[in-house]
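Engineer: Please read through the structure below; I'll follow up with questions.
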Amino acid sequence: MRLSHLFARTLREDPAEADAASHRLLMRAAFIRQVMAGVYTTLPLGLRTVRKIEAIVREEMDACGAQELRMPILLPSDPWKATGRWEAYGDEMFKLTDRHGREVGLGPTQEEVVAPLVAGELPSYRDLPVNLYQIEWKYRDERRPRYGLLRGREFLMKDAYSFDVDEDAMRRSYDVMLQAYHRVFARCGLDYLVVEADPGSIGGDVNHEFMAPAEIGEDLYVTCENGDYLADLEAASQHLPEAASVDEPAKSEDVATPGATSVAAVARLLEVPESQILKTMLFDAGGQAVAVLVPGDREVNEKKLARLYSPSQVRAFDEDAFEAHGLVRGFVGPQGLGQEIAILADRLVSGAGNWVAGANRPDHHTVGVNVTRDFRVDRYEDLVQISEGDRCPNDGGALRIGSSIVVGHIYQLGTLYSEPLKATFADEDGIEHPYQMACYGIGISRIVAAAAEQFHDDDGLTWPKALAPFEVCVVLATRDHEPSVAQAEAIYEGLSERGVEVVLDDRAESAGVKFKDADLIGYPVQVVVGKRGIEAGTIDVKARRSGERTTAPLAAAVDAASRALQAAP
RNA sequence: CGGGACGUAGCGCAGCUUGGUAGCGCGCAGCGUUCGGGACGCUGAGGUCGCGGGUUCAAAUCCCGCCGUCCCGACCA
C-alpha cells in the first residue's frame, strides 16, 4: 500500500468531542470517524486492525472446534419474550416495528436465535457437543455511550455458544474456550487478567471476565500487593481485621444534628471519625424491606447484596418507601426497626460498638448505640465494597484496586435459555432434555480501543505488531532526490516479497509531516530513506514502541527492517 | 433519567457581556522557494453562525422552545 492512495487523513489537533486517549488517537490517526453518539465509521486503517483481531479470534475458535456461522441482526421479538429478555433488556434493546406492525429488535446478543436454531438441527444426544460462533455487529442502546469505541451503541463482537448433554460436558466445553481465550488475548499483545466476576443480567453460575488494565476502564478489580489474590471488585472479599477491644457500652442518648443527613456532615458536627458512624442503608429486595448496616466510612456493595436475594431485584429505597415505613431519610438508625424489615450487617460491624446512628426522627442522631442492647442484627454478611488497603483474604497483604476494560466475558448458562426456549435434545432413552449451554463473548472493536489505551505515548499509538494496521512504514524523507525514491521503492518491494505488511509513505509531504504521521499511526517499525543516508549508503530503522533507532547499510535494509520487526513487541 | 458544558468554514477556536459589513490558526487550490521531525512567501476558494419562533429599524450576539455532542452521576455484557 502506498500512503498517497490510502484513504487516511490524519488530524493535527485533538477532536473536540474526544476525551479518552484511545478515542482521541483513533480519530487523529484516521482509524475511525464519528457518525453519531456511540456509532462510528471504521476507516481503512481501523478496519485492518479489526481484521487482524478477527483473524486471531477465528484461528483460535476454529482450532478448538468451534464453527463459524452468521446470524441475523434483525430479530423477531417472540423468542425474546419467551426468555423474558424483551422486557428485561428494556430500553437498552433497540426495538422497532415493521410495516405489518410486528415488533422486531436489533440483536444485543444472540442466545434467542442460536438455541432454537440448534434445537431444529441437532435433536439427538448423538449430535452433541457443538460450539457455534459468529463475528457480527451488536446493538445496545446504552444510556450513556462514551469514550469512543469503548462503549458504543454499535460494536463488533465475537459471540460463541456451546451446547452439551450435561453439566460436566458443558464445563469441559467451557474450559476449552477458557484456554482459547487466553491464547487470543496473549496473541493480541494485550496486558490482561482473568477474574471470576458477577454474572450480571445474562445470568448463570460460573463466569470469567478477561480484563485489560487501563486507567480509563470502568470495571474495577482487586489484587494483593503480594500477587496472590485477584478478583472482580463486585466479588472481592477481605481478611477481617482483629476485633478491636470494645469500650464499655456507653449510655445511649440522642443529640441534635440539624441538617446533617450525610455521614461526613455528622462526623464533622459531632467530631467523631466516620468509621464510628453506623450507616443504615435501606433496600427493597423483591418486596422485602432490608436494612444494611455498614461502618460510615464504607460503601455497600449492591452486587453482593443482590446475590443474597437473587433472582429478586434489589433496589435502593425511594422517597415513597421511606415514607411507607415511617423512616426519616438521612436520620435512619437500626434501633427499634420492626420485624418486617430484615436487618443485615456487614461482618465489620460485629467488631465494634458505641456507634453513632440515626435517631429515626428528623435532625437527631443517637450516640452510644450497641448491638443487642439497642438493636438487633438478623444476619452478618460480607456486604462492604473493598477499599484500597484492606487485607488480602489469603495472606493479609494490602489490597489494591485497579481499573480495566472488559474485553471478554464467558458464562456457564446451564439451561437458563434452553429451558424457556424449549430447546431440547433426546437422550439414549428418548427423553427430552434442555441443552446445557455456555456463551462466550469477545469485544472485537473494544479490543481496538483497549489496545490503544494500553499502547500509546505523547506522539501517538504504539501498537503491538499483531494489531498494527501495517507492520512497517517506509518513510521517504525527501521528494526530489531520485536515488532515494528508487531505494525506498526497492525496500518497499523487498519487504512486500518477504510477506511483511508494509506501507510506503510516498506522499508529497515534508519529511516532518511523514515522521509525525508514522508516529501517530503507530507502525511498529519505521524505515527512513533520505538523501542524507542514501548518499552515505545507509538507511535508518526506528522501533516505534522502544524508540530505538539504528542505522544499517543500504544493502541490508530489508534484513534490518525484518530484524527490527522480529524484535518488536 | 438527574447535574454541567458546548454547538460559528473540513478541523481547532475567537467574536456574544454592551445588537450595527463574520474573523483567526490549521487544512484546501494556484504560483514560487524549501526538502531528515507537523517549512516559507504571495494569491485565492470556502460559512443558511445547530434548527424553529419571538423582541428590534437591525440578531452569531437578547428571550423562548427544540435538536445535537461531550463530561459527571445513576445504570450496564
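Letters A, B, ... mark the chains of the C-alpha cells in the order given; residue numbers begin at 1 per chain; ligand numbers begin at 1, in order shown.
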Would you mind listing what lies within 7 Å of segment 79-88 of chain A as a PDB file with C-alpha atoms, in the first residue's frame, with only C-alpha atoms (C1' of nucleotides) counted and same-chain residues fewer than 4 positions away left out?
Structural biologist:
ATOM      1  CA  GLU A 112     -32.558 -16.411  21.424  1.00  0.00           C
ATOM      2  CA  TYR A 417     -32.142 -20.095  27.955  1.00  0.00           C
ATOM      3  CA  PRO A 420     -37.751 -21.259  28.306  1.00  0.00           C
ATOM      4  CA  LEU A 421     -36.984 -21.610  24.599  1.00  0.00           C
TER       5      LEU A 421
END
Engineer: Select, as a PyMOL selection string, those residues of chain B with any atom no more than 12 Å from chain A (distances computed using only C-alpha atoms (C1' of nucleotides)).
Structural biologist: chain B and resi 1+5-7+10-13+25-27+34-39+68-77
Engineer: Those same residues - C-alpha atoms (C1' of nucleotides) - I'd like them written as a compact mmCIF listing (two decimals), in the first residue's frame.
Structural biologist:
# COMPACT_ATOMS: atom_id res chain seq x y z
C1' C B 1 -33.01 9.76 33.52
C1' A B 5 -20.74 22.44 29.43
C1' C B 6 -20.66 23.22 24.38
C1' G B 7 -22.78 23.93 19.04
C1' G B 10 -13.27 20.27 6.54
C1' C B 11 -10.61 20.55 11.80
C1' G B 12 -9.31 23.61 16.32
C1' C B 13 -11.14 28.22 18.10
C1' G B 25 -4.87 29.35 13.02
C1' C B 26 -4.51 24.69 10.56
C1' G B 27 -6.12 22.29 6.31
C1' U B 34 12.34 24.84 0.51
C1' C B 35 13.32 19.39 1.18
C1' G B 36 15.57 14.14 7.58
C1' G B 37 10.91 15.88 12.93
C1' G B 38 3.96 18.93 11.69
C1' A B 39 8.75 24.52 6.09
C1' G B 68 -27.31 17.51 18.62
C1' U B 69 -22.45 16.41 21.02
C1' C B 70 -19.34 15.81 25.24
C1' C B 71 -18.35 15.41 30.66
C1' C B 72 -20.02 13.87 35.87
C1' G B 73 -23.66 10.71 38.22
C1' A B 74 -27.27 6.65 38.11
C1' C B 75 -27.27 2.11 35.12
C1' C B 76 -24.76 -1.67 32.36
C1' A B 77 -22.23 -7.78 28.55
Engineer: Which residues are close to Phe163 of chain A, i.e. within 8 Å by only C-alpha atoms (C1' of nucleotides), leaving aside same-chain residues fewer than 3 positions away? Reply as a CSV table (one decimal) with C-alpha atoms, in the first residue's frame.
Structural biologist:
chain,number,residue,atom,x,y,z
A,128,LEU,CA,-23.6,-33.1,20.7
A,129,PRO,CA,-21.5,-31.3,21.7
A,130,VAL,CA,-21.4,-28.4,19.3
A,131,ASN,CA,-20.0,-24.9,19.5
A,170,MET,CA,-20.7,-28.2,29.4
A,435,TYR,CA,-29.3,-28.3,26.3
A,436,GLN,CA,-26.6,-27.3,28.7
A,437,MET,CA,-25.4,-24.0,27.3
A,438,ALA,CA,-22.5,-21.7,27.8
Engineer: Would you list, as an NGL selection string, the residues of segment 221-333 of chain A that end up in strand (DSSP E or B) under DSSP run on this structure's backbone?
Structural biologist: :A and (221-224 or 230-232 or 253-256 or 277-285 or 288-295 or 300 or 314-316)
Engineer: Any chance you could export the current selection's C-alpha atoms as a compact mmCIF listing (two decimals), in the first residue's frame?
Structural biologist:
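Final output, saved to out-v4.txt:
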# COMPACT_ATOMS: atom_id res chain seq x y z
CA TYR A 221 -10.58 -5.38 40.09
CA VAL A 222 -8.74 -6.13 43.31
CA THR A 223 -5.22 -7.51 43.64
CA CYS A 224 -3.00 -8.26 46.62
CA LEU A 230 -7.20 -11.38 42.08
CA ALA A 231 -10.93 -10.72 41.93
CA ASP A 232 -13.56 -8.51 40.40
CA GLU A 253 -28.63 9.30 74.15
CA ASP A 254 -29.99 11.45 71.36
CA VAL A 255 -28.15 14.53 70.17
CA ALA A 256 -29.35 17.23 67.82
CA ILE A 277 -20.95 6.11 62.46
CA LEU A 278 -23.28 3.22 61.72
CA LYS A 279 -24.62 3.77 58.23
CA THR A 280 -28.07 2.30 57.71
CA MET A 281 -28.95 1.80 54.05
CA LEU A 282 -32.41 0.66 53.03
CA PHE A 283 -33.26 -1.54 50.09
CA ASP A 284 -36.23 -3.29 48.60
CA ALA A 285 -35.49 -6.88 47.62
CA GLN A 288 -38.81 -7.46 51.30
CA ALA A 289 -37.51 -4.37 53.08
CA VAL A 290 -33.85 -4.76 54.01
CA ALA A 291 -31.71 -2.53 56.22
CA VAL A 292 -27.98 -2.90 55.60
CA LEU A 293 -25.58 -1.73 58.31
CA VAL A 294 -22.02 -0.79 57.43
CA PRO A 295 -19.42 1.45 59.09
CA VAL A 300 -22.46 -1.08 50.46
CA VAL A 314 -32.64 -5.27 44.76
CA ARG A 315 -33.02 -1.52 44.61
CA ALA A 316 -32.43 1.35 46.98
Engineer: Identify, on the basis of only C-alpha atoms (C1' of nucleotides), every residue whose closest approach to segment 370-376 of chain A does not exceed 7 Å; exclude the query and any residue fewer than 6 positions from it along the same chain; express the result as a PyMOL selection string.
Structural biologist: chain A and resi 249+334-336+353-355
Engineer: Within segment 208-396 of chain A, find each residue whose DSSP state, derived from the backbone, is alpha helix (DSSP H), and express the selection as a PyMOL selection string.
Structural biologist: chain A and resi 263-270+302-309+319-324
Engineer: Between atom CA of Gly351 of chain A and atom CA of Glu225 of chain A, measure the distance and give it in Å to one decimal.
Structural biologist: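 It comes out at 25.3 Å.
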Engineer: If you measure from atom CA of Gly522 of chain A to atom CA of Gly460 of chain A, what distance in Å do you get, rounded to one decimal?
Structural biologist: 6.4 Å
Engineer: Show me, as a list in words, the residues that have an atom within 12 Å of segment 53-57 of chain B when counting only C-alpha atoms (C1' of nucleotides), minus same-chain residues fewer than 4 positions from it.
Structural biologist: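 Using only C-alpha atoms (C1' of nucleotides), the neighbours found are G19, G20, C62, C63, C64, G65 and C66 of chain B.
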Engineer: Which polymer residues have any atom within 10 Å of an atom of His5 of chain A, counting only C-alpha atoms (C1' of nucleotides), with same-chain residues fewer than 5 positions away left out, as a PDB file with C-alpha atoms, in the first residue's frame?
Structural biologist:
ATOM      1  CA  ASP A 505       4.885   6.944   2.502  1.00  0.00           C
ATOM      2  CA  ASP A 506       5.302   8.390  -0.970  1.00  0.00           C
ATOM      3  CA  ARG A 507       3.125  11.438  -0.341  1.00  0.00           C
TER       4      ARG A 507
END
Engineer: Would you please work out which residue, of B:U33, B:U8, B:A14, B:G2, is nearest to C49 of chain B when using only C-alpha atoms (C1' of nucleotides)?
Structural biologist: B:U8
Engineer: Go ahead and compute the interatomic distance for atom CA of Pro273 of chain A and atom CA of Glu299 of chain A, in Å to one decimal.
Structural biologist: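 Here the two named atoms are 15.3 Å from each other.
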Engineer: G15 of chain B: which residues within 10 Å, counting only C-alpha atoms (C1' of nucleotides), same-chain residues fewer than 2 positions away excluded, as a list in words?
Structural biologist: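 Here the qualifying residues turn out to be U8, A22, G23, A60 and U61 of chain B.
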